[in-house]
$ cat my_file-v6.txt   # compact mmCIF, C-alpha atoms and all ligand atoms
# COMPACT_ATOMS: atom_id res chain seq x y z
CA MET E 27 -21.92 -27.00 -18.89
CA SER E 28 -22.37 -23.28 -18.57
CA LEU E 29 -20.12 -21.60 -16.02
CA THR E 30 -21.50 -18.31 -14.79
CA PRO E 31 -19.31 -17.09 -11.95
CA ASN E 32 -20.45 -14.44 -9.50
CA VAL E 33 -18.40 -11.44 -10.59
CA TYR E 34 -19.61 -9.13 -7.80
CA ASP E 35 -18.24 -10.87 -4.70
CA ALA E 36 -14.94 -9.46 -3.49
CA GLU E 37 -12.01 -11.53 -2.22
CA PRO E 38 -11.89 -12.31 1.51
CA ILE E 39 -10.09 -9.70 3.61
CA PRO E 40 -6.65 -11.09 4.68
CA ASP E 41 -6.65 -12.74 8.11
CA ALA E 42 -4.11 -10.24 9.43
CA ALA E 43 -6.86 -7.61 9.54
CA ARG E 44 -8.77 -9.61 12.17
CA ALA E 45 -6.27 -9.35 15.02
CA GLU E 46 -5.87 -5.63 14.48
CA ILE E 47 -9.62 -5.04 14.33
CA ASP E 48 -10.07 -7.13 17.47
CA ARG E 49 -7.46 -5.03 19.25
CA MET E 50 -9.30 -1.87 18.24
CA LEU E 51 -12.66 -3.24 19.33
CA GLN E 52 -11.10 -3.96 22.74
CA SER E 53 -9.55 -0.52 23.11
CA GLY E 54 -12.21 1.47 21.26
CA ASP E 55 -9.38 3.33 19.55
CA LEU E 56 -11.10 4.04 16.22
CA PHE E 57 -10.35 7.73 15.65
CA ARG E 58 -7.19 8.54 13.72
CA TYR E 59 -6.17 11.41 16.01
CA THR E 60 -6.59 9.71 19.42
CA ALA E 61 -3.19 8.02 19.48
CA PRO E 62 -0.23 10.41 19.84
CA GLN E 63 1.38 8.83 16.78
CA ASP E 64 1.35 5.83 14.43
CA ALA E 65 -2.42 5.35 14.33
CA PRO E 66 -3.41 2.76 11.68
CA VAL E 67 -4.53 5.55 9.32
CA ALA E 68 -1.15 7.30 9.66
CA LEU E 69 0.67 4.02 9.03
CA LEU E 70 -1.46 3.39 5.94
CA GLU E 71 -0.56 6.84 4.62
CA ARG E 72 3.16 6.17 5.07
CA GLU E 73 2.95 2.73 3.49
CA PHE E 74 0.86 3.92 0.54
CA ALA E 75 3.13 6.89 -0.17
CA ALA E 76 6.17 4.58 -0.11
CA LEU E 77 4.41 2.07 -2.38
CA MET E 78 3.63 4.76 -4.95
CA GLY E 79 6.92 6.61 -4.61
CA SER E 80 5.21 9.82 -3.45
CA ARG E 81 6.26 12.18 -0.69
CA TYR E 82 2.84 12.52 0.95
CA ALA E 83 -0.44 10.63 1.25
CA LEU E 84 -3.70 11.63 2.92
CA ALA E 85 -6.33 8.95 3.60
CA VAL E 86 -9.94 10.11 3.53
CA SER E 87 -13.51 8.79 3.40
CA SER E 88 -13.72 8.20 -0.38
CA CYS E 89 -12.05 8.95 -3.69
CA SER E 90 -14.76 11.56 -4.25
CA ALA E 91 -13.65 13.26 -1.03
CA ALA E 92 -10.03 13.09 -2.23
CA LEU E 93 -11.01 14.72 -5.56
CA PHE E 94 -12.99 17.42 -3.74
CA LEU E 95 -10.11 18.16 -1.34
CA SER E 96 -7.63 18.22 -4.24
CA LEU E 97 -9.70 20.87 -6.04
CA LYS E 98 -10.06 22.85 -2.80
CA ALA E 99 -6.35 22.48 -2.00
CA LEU E 100 -5.48 23.95 -5.41
CA GLY E 101 -7.22 27.10 -4.19
CA LEU E 102 -9.50 27.34 -7.23
CA PRO E 103 -11.90 30.27 -7.03
CA ARG E 104 -15.67 29.82 -7.14
CA ASP E 105 -16.90 29.04 -10.68
CA ALA E 106 -13.44 28.01 -11.91
CA ARG E 107 -13.77 25.81 -14.99
CA VAL E 108 -12.33 22.32 -14.58
CA LEU E 109 -11.84 20.15 -17.67
CA ILE E 110 -12.82 16.49 -17.23
CA PRO E 111 -13.35 13.63 -19.71
CA ALA E 112 -16.98 13.08 -20.72
CA PHE E 113 -16.59 9.35 -20.04
CA THR E 114 -16.38 8.90 -16.29
CA PHE E 115 -18.49 8.11 -13.24
CA ALA E 116 -21.03 10.71 -12.06
CA ALA E 117 -19.07 11.14 -8.81
CA VAL E 118 -16.33 12.97 -10.76
CA PRO E 119 -18.33 15.92 -12.12
CA SER E 120 -20.11 15.85 -8.74
CA SER E 121 -16.84 16.44 -6.88
CA VAL E 122 -16.20 19.44 -9.17
CA VAL E 123 -19.66 20.85 -8.42
CA HIS E 124 -19.10 20.16 -4.71
CA ALA E 125 -15.94 22.28 -4.89
CA ASP E 126 -18.01 25.18 -6.34
CA CYS E 127 -16.37 24.75 -9.75
CA ILE E 128 -17.86 24.14 -13.20
CA PRO E 129 -17.13 20.85 -14.99
CA ILE E 130 -16.27 21.28 -18.67
CA LEU E 131 -16.48 17.99 -20.58
CA CYS E 132 -14.06 16.98 -23.31
CA ASP E 133 -14.85 14.29 -25.85
CA VAL E 134 -13.67 10.69 -25.55
CA ALA E 135 -12.91 8.37 -28.47
CA GLU E 136 -14.11 4.84 -29.21
CA ASN E 137 -11.03 3.53 -27.38
CA TYR E 138 -12.35 5.10 -24.11
CA ARG E 139 -9.48 7.62 -24.05
CA ILE E 140 -9.53 11.40 -24.29
CA ASP E 141 -9.86 12.87 -27.79
CA MET E 142 -6.72 15.02 -27.64
CA ALA E 143 -7.90 17.45 -30.32
CA ASP E 144 -11.05 18.28 -28.35
CA PHE E 145 -9.01 18.38 -25.12
CA GLU E 146 -6.65 20.95 -26.57
CA ALA E 147 -9.51 22.96 -28.05
CA LYS E 148 -11.20 23.21 -24.63
CA LEU E 149 -8.11 24.09 -22.55
CA ASP E 150 -8.44 27.82 -23.05
CA GLY E 151 -10.42 29.27 -20.17
CA VAL E 152 -10.08 26.31 -17.81
CA GLN E 153 -8.19 26.69 -14.53
CA ALA E 154 -7.53 23.04 -13.76
CA VAL E 155 -7.71 19.65 -15.43
CA LEU E 156 -9.04 16.48 -13.80
CA ILE E 157 -8.05 13.38 -15.75
CA SER E 158 -10.33 10.49 -14.87
CA HIS E 159 -8.71 7.20 -15.88
CA MET E 160 -12.13 5.62 -16.36
CA ARG E 161 -12.19 1.83 -15.89
CA GLY E 162 -8.40 2.10 -15.65
CA HIS E 163 -7.96 3.21 -19.29
CA THR E 164 -5.08 5.67 -19.51
CA SER E 165 -5.27 8.58 -21.94
CA ASP E 166 -2.10 9.92 -23.56
CA MET E 167 -0.53 11.37 -20.41
CA ASP E 168 2.54 12.66 -22.28
CA ALA E 169 0.30 14.82 -24.47
CA VAL E 170 -1.93 15.82 -21.53
CA MET E 171 1.02 16.94 -19.40
CA ALA E 172 2.77 18.76 -22.26
CA LEU E 173 -0.37 20.78 -23.03
CA CYS E 174 -1.13 21.53 -19.37
CA ASP E 175 2.47 22.33 -18.39
CA ALA E 176 2.74 24.76 -21.29
CA ARG E 177 -0.25 26.66 -19.86
CA GLY E 178 0.68 26.24 -16.18
CA LEU E 179 -2.52 24.25 -15.55
CA PRO E 180 -2.58 21.89 -12.55
CA VAL E 181 -3.58 18.28 -13.30
CA ILE E 182 -5.46 16.09 -10.85
CA GLU E 183 -5.49 12.37 -11.64
CA ASP E 184 -8.61 10.40 -10.75
CA ALA E 185 -6.88 7.03 -10.38
CA ALA E 186 -9.80 5.46 -8.48
CA HIS E 187 -9.73 2.47 -10.77
CA SER E 188 -6.04 2.58 -11.79
CA LEU E 189 -4.15 1.32 -8.76
CA GLY E 190 -1.26 -0.74 -10.17
CA THR E 191 -1.41 0.80 -13.66
CA THR E 192 1.80 2.31 -15.04
CA TRP E 193 2.58 4.76 -17.85
CA SER E 194 6.13 4.46 -19.25
CA GLY E 195 6.97 2.72 -15.97
CA ARG E 196 5.56 5.51 -13.78
CA ASN E 197 2.72 4.80 -11.39
CA ILE E 198 -0.58 6.29 -12.48
CA GLY E 199 -1.51 8.88 -9.88
CA THR E 200 2.04 10.25 -9.67
CA ILE E 201 2.09 12.03 -13.04
CA GLY E 202 -0.18 14.98 -12.23
CA ARG E 203 0.13 17.37 -9.25
CA VAL E 204 -2.06 15.06 -7.17
CA GLY E 205 -3.49 11.55 -7.61
CA CYS E 206 -6.66 10.15 -6.00
CA PHE E 207 -7.55 6.50 -5.35
CA SER E 208 -10.63 4.63 -4.10
CA PHE E 209 -11.01 1.77 -1.62
CA GLN E 210 -14.70 1.25 -2.43
CA SER E 211 -15.56 -2.44 -2.79
CA TYR E 212 -15.45 -2.58 -6.61
CA LYS E 213 -11.85 -1.33 -6.72
CA LEU E 214 -8.58 -3.26 -6.45
CA VAL E 215 -8.32 -2.73 -2.69
CA ASN E 216 -11.61 -3.10 -0.80
CA ALA E 217 -12.52 -1.39 2.47
CA GLY E 218 -16.20 -0.92 1.63
CA GLU E 219 -15.50 2.80 1.36
CA GLY E 220 -12.37 4.93 1.52
CA GLY E 221 -9.96 6.99 -0.53
CA ILE E 222 -6.47 8.41 -0.51
CA LEU E 223 -4.63 11.21 -2.28
CA ILE E 224 -0.91 11.37 -3.03
CA THR E 225 1.28 14.31 -3.94
CA ASP E 226 4.83 15.63 -3.67
CA ASP E 227 3.58 19.17 -2.95
CA PRO E 228 3.88 20.13 0.76
CA ASP E 229 1.62 23.17 0.48
CA LEU E 230 -1.11 21.24 -1.32
CA VAL E 231 -1.06 18.35 1.15
CA ALA E 232 -1.00 20.70 4.16
CA ARG E 233 -4.13 22.41 2.90
CA ALA E 234 -5.82 19.08 2.15
CA VAL E 235 -4.88 17.66 5.59
CA ILE E 236 -6.38 20.64 7.41
CA MET E 237 -9.55 20.68 5.31
CA SER E 238 -9.95 16.90 5.75
CA GLY E 239 -10.52 17.64 9.44
CA ALA E 240 -7.11 17.97 11.19
CA TYR E 241 -8.44 20.53 13.64
CA GLU E 242 -6.20 22.40 16.09
CA HIS E 243 -2.71 20.89 15.87
CA ASN E 244 -3.66 17.40 14.74
CA TRP E 245 -1.71 18.09 11.58
CA SER E 246 1.44 17.45 13.63
CA LYS E 247 0.55 13.73 13.50
CA HIS E 248 1.08 13.86 9.73
CA SER E 249 4.82 14.58 9.87
CA PRO E 250 6.58 12.01 12.04
CA THR E 251 9.93 12.94 10.54
CA GLN E 252 11.35 16.43 10.24
CA ASP E 253 9.87 18.12 7.17
CA ASP E 254 10.42 21.85 7.29
CA ALA E 255 8.45 22.64 4.14
CA LEU E 256 5.42 20.76 5.48
CA THR E 257 5.66 22.32 8.96
CA THR E 258 5.88 25.79 7.43
CA ALA E 259 2.84 25.09 5.25
CA PHE E 260 0.79 23.86 8.25
CA GLY E 261 1.73 27.04 10.11
CA THR E 262 0.69 29.15 7.14
CA TRP E 263 -2.74 27.56 6.82
CA GLN E 264 -3.62 27.07 10.51
CA ASN E 265 -7.14 28.46 11.20
CA ARG E 266 -7.44 29.80 7.67
CA LEU E 267 -9.31 26.93 6.04
CA PRO E 268 -12.69 25.26 6.63
CA LEU E 269 -12.72 21.79 8.21
CA TYR E 270 -14.83 19.51 6.03
CA ASN E 271 -14.30 16.38 8.17
CA LEU E 272 -13.70 13.75 5.50
CA ARG E 273 -11.32 11.65 7.60
CA MET E 274 -10.74 7.92 7.37
CA ASN E 275 -11.23 5.87 10.53
CA ASN E 276 -8.79 3.30 11.93
CA LEU E 277 -11.03 0.31 11.12
CA SER E 278 -10.85 1.11 7.40
CA ALA E 279 -7.07 1.45 7.57
CA ALA E 280 -6.82 -1.92 9.34
CA ILE E 281 -8.81 -3.52 6.51
CA ILE E 282 -6.71 -1.84 3.80
CA ARG E 283 -3.17 -2.28 5.13
CA PRO E 284 -2.90 -6.10 4.79
CA GLN E 285 -4.32 -5.84 1.25
CA LEU E 286 -1.41 -3.68 0.05
CA ALA E 287 0.74 -6.80 -0.16
CA GLU E 288 -1.92 -8.40 -2.39
CA ILE E 289 -1.76 -5.64 -5.02
CA PRO E 290 0.98 -7.16 -7.23
CA ARG E 291 -0.86 -10.51 -7.49
CA ARG E 292 -4.21 -8.84 -8.16
CA VAL E 293 -2.61 -6.69 -10.87
CA THR E 294 -0.84 -9.61 -12.55
CA ASP E 295 -3.88 -11.89 -12.43
CA GLY E 296 -6.30 -9.17 -13.46
CA ARG E 297 -4.17 -8.27 -16.47
CA ALA E 298 -3.76 -11.92 -17.53
CA ASN E 299 -7.51 -12.53 -17.14
CA HIS E 300 -8.39 -9.45 -19.15
CA ASP E 301 -5.92 -10.20 -21.92
CA HIS E 302 -7.15 -13.80 -22.19
CA VAL E 303 -10.79 -12.76 -22.58
CA ALA E 304 -9.82 -9.86 -24.89
CA ALA E 305 -7.98 -12.24 -27.23
CA ARG E 306 -10.96 -14.60 -27.32
CA LEU E 307 -13.47 -11.80 -28.01
CA SER E 308 -11.30 -10.38 -30.77
CA ASP E 309 -11.89 -13.56 -32.76
CA CYS E 310 -15.54 -12.56 -33.12
CA GLN E 311 -16.24 -10.04 -35.90
CA TRP E 312 -18.90 -8.16 -33.91
CA LEU E 313 -16.84 -7.65 -30.74
CA HIS E 314 -13.91 -5.23 -30.65
CA VAL E 315 -11.60 -4.69 -27.67
CA PRO E 316 -9.69 -1.43 -28.30
CA ALA E 317 -5.93 -1.73 -27.84
CA LYS E 318 -4.18 -0.06 -24.90
CA LEU E 319 -1.66 2.68 -25.62
CA PRO E 320 1.96 1.44 -25.92
CA GLN E 321 3.17 3.32 -22.80
CA GLU E 322 0.47 1.75 -20.66
CA GLU E 323 0.61 -1.39 -18.46
CA ARG E 324 -2.91 -2.00 -17.25
CA ALA E 325 -4.37 -3.40 -14.00
CA PRO E 326 -7.93 -4.23 -15.10
CA ASP E 327 -10.68 -5.87 -13.05
CA SER E 328 -13.26 -5.60 -15.82
CA ILE E 329 -13.37 -5.65 -19.60
CA GLN E 330 -14.84 -3.11 -22.01
CA PHE E 331 -15.51 -3.92 -25.66
CA ASN E 332 -17.46 -2.30 -28.48
CA LEU E 333 -20.17 -3.90 -30.57
CA VAL E 334 -19.35 -3.49 -34.25
CA GLY E 335 -22.03 -3.30 -36.94
CA LEU E 336 -24.99 -3.74 -34.58
CA THR E 337 -28.05 -1.48 -34.62
CA ASP E 338 -29.57 -0.11 -31.39
CA ASP E 339 -32.09 -2.96 -31.35
CA GLU E 340 -29.37 -5.56 -31.97
CA THR E 341 -27.28 -3.99 -29.20
CA ARG E 342 -30.16 -4.36 -26.74
CA ALA E 343 -30.77 -7.91 -27.99
CA PHE E 344 -27.08 -8.70 -27.40
CA ALA E 345 -27.27 -7.60 -23.76
CA THR E 346 -30.44 -9.69 -23.28
CA ALA E 347 -28.85 -12.72 -24.96
CA ALA E 348 -25.71 -12.42 -22.82
CA ALA E 349 -27.85 -12.20 -19.66
CA ALA E 350 -29.77 -15.31 -20.75
CA ARG E 351 -26.40 -17.04 -21.03
CA GLY E 352 -25.49 -15.93 -17.50
CA VAL E 353 -23.22 -12.91 -18.17
CA LYS E 354 -24.38 -9.44 -17.22
CA VAL E 355 -23.27 -6.88 -19.78
CA GLN E 356 -24.00 -3.22 -19.33
CA VAL E 357 -24.04 -1.08 -22.46
CA PHE E 358 -23.13 2.25 -20.84
CA GLY E 359 -25.44 4.39 -22.95
CA MET E 360 -28.38 1.98 -23.11
CA SER E 361 -29.20 1.04 -19.52
CA ALA E 362 -31.67 3.42 -17.87
CA ASP E 363 -30.16 6.19 -15.74
CA ASN E 364 -26.61 4.86 -16.15
CA ALA E 365 -24.29 6.98 -13.96
CA ARG E 366 -21.54 6.84 -16.61
CA ALA E 367 -23.65 8.41 -19.40
CA PHE E 368 -23.05 12.15 -19.36
CA TRP E 369 -26.59 13.00 -20.52
CA ASN E 370 -27.81 11.67 -17.17
CA TRP E 371 -25.73 14.27 -15.26
CA ARG E 372 -28.57 16.75 -15.21
CA PHE E 373 -27.04 18.48 -12.17
CA LEU E 374 -24.29 20.01 -14.34
CA PRO E 375 -24.34 23.81 -14.03
CA GLN E 376 -23.40 24.19 -17.70
CA ALA E 377 -24.77 22.14 -20.63
CA PRO E 378 -22.14 19.59 -21.69
CA GLY E 379 -22.36 20.23 -25.45
CA ASP E 380 -22.45 17.75 -28.28
CA LEU E 381 -19.68 15.24 -27.43
CA ALA E 382 -20.52 13.10 -30.47
CA GLY E 383 -17.54 10.77 -30.02
CA THR E 384 -18.39 9.94 -26.41
CA ARG E 385 -22.07 9.53 -27.24
CA ALA E 386 -21.38 7.11 -30.11
CA MET E 387 -18.95 5.12 -27.93
CA LEU E 388 -21.38 4.89 -24.98
CA MET E 389 -24.11 3.49 -27.27
CA ARG E 390 -21.96 0.47 -28.25
CA ALA E 391 -19.48 0.05 -25.37
CA CYS E 392 -20.10 -2.97 -23.16
CA ASP E 393 -18.91 -3.39 -19.60
CA THR E 394 -18.37 -6.73 -17.87
CA ARG E 395 -16.69 -7.30 -14.54
CA LEU E 396 -13.70 -9.65 -14.53
CA PRO E 397 -12.28 -9.90 -11.00
CA ALA E 398 -8.74 -11.16 -10.51
CA ARG E 399 -9.91 -14.26 -8.62
CA LEU E 400 -11.65 -15.84 -11.67
CA THR E 401 -10.24 -19.12 -13.00
CA ARG E 402 -9.44 -19.92 -16.64
CA PRO E 403 -12.57 -22.09 -17.07
CA GLU E 404 -14.70 -19.28 -15.63
CA LEU E 405 -13.07 -16.75 -17.98
CA ASP E 406 -13.67 -19.05 -20.94
CA GLY E 407 -17.27 -19.45 -19.78
CA ILE E 408 -17.69 -15.67 -19.94
CA ALA E 409 -15.98 -15.39 -23.36
CA ASP E 410 -18.06 -18.31 -24.74
CA ALA E 411 -21.28 -16.70 -23.52
CA LEU E 412 -20.45 -13.29 -25.03
CA ILE E 413 -19.49 -14.77 -28.42
CA ALA E 414 -22.56 -17.02 -28.43
CA ALA E 415 -24.76 -14.01 -27.56
CA ALA E 416 -23.35 -12.16 -30.60
CA HIS E 417 -24.20 -15.18 -32.76
CA ASP E 418 -27.69 -15.41 -31.23
CA VAL E 419 -28.36 -11.89 -32.50
CA MET E 420 -26.29 -11.69 -35.69
CA GLY E 421 -26.25 -15.29 -36.95
CA GLU E 422 -23.14 -17.05 -38.16
CA GLU E 423 -19.98 -15.09 -38.83
CA ARG E 424 -19.52 -13.92 -42.38
CA ARG E 425 -15.77 -14.12 -42.07
CA ALA E 426 -14.11 -16.65 -44.42
CA TYR E 427 -11.98 -19.15 -42.56
CA GLY E 428 -9.00 -21.02 -43.99
CA THR E 429 -9.31 -24.64 -44.97
C1 LIG Y 1 -15.17 4.49 -8.12
C2 LIG Y 1 -14.73 5.67 -8.88
C3 LIG Y 1 -14.82 6.97 -8.34
C4 LIG Y 1 -15.47 7.25 -7.00
O1 LIG Y 1 -14.79 6.62 -5.93
P1 LIG Y 1 -15.47 6.64 -4.47
O2 LIG Y 1 -14.39 6.14 -3.57
O3 LIG Y 1 -16.63 5.71 -4.53
O4 LIG Y 1 -15.87 8.04 -4.19
C5 LIG Y 1 -14.34 8.01 -9.09
N1 LIG Y 1 -13.79 7.82 -10.30
C6 LIG Y 1 -13.70 6.60 -10.86
C7 LIG Y 1 -13.04 6.45 -12.20
C8 LIG Y 1 -14.15 5.49 -10.17
O5 LIG Y 1 -14.05 4.28 -10.74
$ encode --input "my_file-v6.txt" --output "structure tokens"
Amino acid sequence: MSLTPNVYDAEPIPDAARAEIDRMLQSGDLFRYTAPQDAPVALLEREFAALMGSRYALAVSSCSAALFLSLKALGLPRDARVLIPAFTFAAVPSSVVHADCIPILCDVAENYRIDMADFEAKLDGVQAVLISHMRGHTSDMDAVMALCDARGLPVIEDAAHSLGTTWSGRNIGTIGRVGCFSFQSYKLVNAGEGGILITDDPDLVARAVIMSGAYEHNWSKHSPTQDDALTTAFGTWQNRLPLYNLRMNNLSAAIIRPQLAEIPRRVTDGRANHDHVAARLSDCQWLHVPAKLPQEERAPDSIQFNLVGLTDDETRAFATAAAARGVKVQVFGMSADNARAFWNWRFLPQAPGDLAGTRAMLMRACDTRLPARLTRPELDGIADALIAAAHDVMGEERRAYGT
């Protein structure tokens, strides 16, 4: 029997969201600044900051909006160069362009992580660094922070897909100056759309709050407890920044808040699912799952693996064979107009350069969703199909087995 689970459906939204949404539909109280205090969006911000161990959180309309506001809140001048990894989603360089800055791409290795030699070589002349933890893979954050701190460069973490990931026990998103997360449906917490940024920096968050659309004195609803540094910063920036109106609405917050309690289970199950499938794939000589870095504890909801020893034609044939066996595999660099292949970002103001490592990786790296809700038999069905697809294309394994 072939088991081919639907890997796109999300989990149901917890029942607790219903009563709160019903209350809001009755009252019509959907705007975060209508209530004098404790609107659902404000409560989400407090809960999320506490969960991550950050001083401040600002909920907005998407992770892209959070990245844009972070760049703006750093006060980068027009045409500032911002270093980003060449392996990420098109929304990331787009947020840099949106902030009137120039994305500079650094190379990424076959393990999906930043090539630190190329990173270091490209640091001169950049004014900020945006580390995108693509598909939740964490680059060497100790090396990144040491290099950036030595030059006084601010680091933004794009943790859209890294909620629940830790680095030496620290939450991803709390290592740089500011961390940004997504609540889009394919992420760990699903509100359809939404994002949030976290930081310990009162001046940065005050600027981001105002630019997110806290017009007049609505910023006062962001500091329920006495916080002199924050109040001073709001006073400093009052009327001095544009209002981009990227706010989150109360309905989204009501959908997100009851899911926060689900995060630990989703992380544990997602990691176990990933590691089970990774171990199975690693038994096949043509499939390689790169190891995580030792400091990293992952929270995956998908698996990436590289095809080893396959030509371009065999790579395409593998994806077709996997699809025929019921598992959709995307080879990042092979599917038409893929938004994660940097050569398709033709809106970049500056040509991205060679990036040979990233290019080679994208041509053999496969992407398969693996949501936390999948069962062991479903996971084995996926692993069986991927291994069988490799055999369909490459024949029997050449590896010698013991007696
Ligand atoms: C999803 C994603 C984004 C964009 O998030 P939105 O909330 O859809 O704007 C950015 N970066 C990465 C790594 C992502 O996975």
$ residues_near_point --input "my_file-v6.txt" --point "(-1.8, 10.6, -22.3)" --cutoff "9 Å" --atoms "all atoms listed in the file" --output "CSV table (one decimal) with C-alpha atoms, keeping the file's coordinate frame"
chain,number,residue,atom,x,y,z
E,139,ARG,CA,-9.5,7.6,-24.0
E,140,ILE,CA,-9.5,11.4,-24.3
E,142,MET,CA,-6.7,15.0,-27.6
E,164,THR,CA,-5.1,5.7,-19.5
E,165,SER,CA,-5.3,8.6,-21.9
E,166,ASP,CA,-2.1,9.9,-23.6
E,167,MET,CA,-0.5,11.4,-20.4
E,168,ASP,CA,2.5,12.7,-22.3
E,169,ALA,CA,0.3,14.8,-24.5
E,170,VAL,CA,-1.9,15.8,-21.5
E,171,MET,CA,1.0,16.9,-19.4
E,193,TRP,CA,2.6,4.8,-17.8
E,319,LEU,CA,-1.7,2.7,-25.6
E,321,GLN,CA,3.2,3.3,-22.8
$ closest_atom_pairs --input "my_file-v6.txt" --of "range 272-311 of chain E" --to "range 402-407 of chain E" --cutoff "10 Å" --atoms "all atoms listed in the file" --output "CSV"
residue,atom,partner,partner_atom,distance
E:Ala298,CA,E:Arg402,CA,9.9
E:Asn299,CA,E:Leu405,CA,7.0
E:His300,CA,E:Leu405,CA,8.7
E:His302,CA,E:Leu405,CA,7.8
E:Val303,CA,E:Leu405,CA,6.5
E:Arg306,CA,E:Asp406,CA,8.2
$ write_last_selection --input "my_file-v6.txt" --atoms "C-alpha atoms" --output "CSV table (one decimal), in the coordinates of the input"
chain,number,residue,atom,x,y,z
E,298,ALA,CA,-3.8,-11.9,-17.5
E,299,ASN,CA,-7.5,-12.5,-17.1
E,300,HIS,CA,-8.4,-9.4,-19.2
E,302,HIS,CA,-7.2,-13.8,-22.2
E,303,VAL,CA,-10.8,-12.8,-22.6
E,306,ARG,CA,-11.0,-14.6,-27.3
$ residues_near_ligand --input "my_file-v6.txt" --ligand "ligand LIG 1 (chain Y)" --cutoff "9 Å" --atoms "all atoms listed in the file" --output "NGL selection string"
:E and (87-93 or 114-118 or 121 or 158-162 or 184-188 or 206-213 or 218-222)
$ atom_distance --input "my_file-v6.txt" --atom1 "CA of Thr192 in chain E" --atom2 "CA of Val293 in chain E"
10.9 Å
$ residues_around --input "my_file-v6.txt" --residues "Glu183 in chain E" --least-positions-apart "2" --cutoff "8 Å" --atoms "only C-alpha atoms" --output "PDB file with C-alpha atoms, in the coordinates of the input"
ATOM      1  CA  LEU E 156      -9.040  16.480 -13.800  1.00  0.00           C
ATOM      2  CA  ILE E 157      -8.050  13.380 -15.750  1.00  0.00           C
ATOM      3  CA  SER E 158     -10.330  10.490 -14.870  1.00  0.00           C
ATOM      4  CA  HIS E 159      -8.710   7.200 -15.880  1.00  0.00           C
ATOM      5  CA  VAL E 181      -3.580  18.280 -13.300  1.00  0.00           C
ATOM      6  CA  ALA E 185      -6.880   7.030 -10.380  1.00  0.00           C
ATOM      7  CA  ILE E 198      -0.580   6.290 -12.480  1.00  0.00           C
ATOM      8  CA  GLY E 199      -1.510   8.880  -9.880  1.00  0.00           C
ATOM      9  CA  ILE E 201       2.090  12.030 -13.040  1.00  0.00           C
ATOM     10  CA  GLY E 202      -0.180  14.980 -12.230  1.00  0.00           C
ATOM     11  CA  ARG E 203       0.130  17.370  -9.250  1.00  0.00           C
ATOM     12  CA  VAL E 204      -2.060  15.060  -7.170  1.00  0.00           C
ATOM     13  CA  GLY E 205      -3.490  11.550  -7.610  1.00  0.00           C
ATOM     14  CA  CYS E 206      -6.660  10.150  -6.000  1.00  0.00           C
TER      15      CYS E 206
END
$ closest_residue --input "my_file-v6.txt" --among "E:Arg283, E:Arg266, E:Lys354, E:Arg390" --to "Gly335 in chain E" --atoms "all atoms listed in the file"
E:Arg390
$ atom_distance --input "my_file-v6.txt" --atom1 "CA of Pro31 in chain E" --atom2 "CA of Ala280 in chain E"
29.0 Å
$ closest_atom_pairs --input "my_file-v6.txt" --of "range 291-367 of chain E" --to "range 381-384 of chain E" --cutoff "12 Å" --atoms "all atoms listed in the file" --output "JSON lines"
{"residue": "E:Phe358", "atom": "CA", "partner": "E:Thr384", "partner_atom": "CA", "distance": 10.6}
{"residue": "E:Gly359", "atom": "CA", "partner": "E:Thr384", "partner_atom": "CA", "distance": 9.6}
{"residue": "E:Arg366", "atom": "CA", "partner": "E:Thr384", "partner_atom": "CA", "distance": 10.8}
{"residue": "E:Ala367", "atom": "CA", "partner": "E:Thr384", "partner_atom": "CA", "distance": 8.9}
$ closest_residue --input "my_file-v6.txt" --among "E:Ala106, E:Ala409, E:Ala99, E:Cys132" --to "Ala305 in chain E" --atoms "all atoms listed in the file"
E:Ala409
$ residues_around --input "my_file-v6.txt" --residues "Glu288 in chain E" --least-positions-apart "4" --cutoff "9 Å" --atoms "all atoms listed in the file" --output "list in words"
Pro40, Val215, Pro284, Arg292 and Val293 of chain E
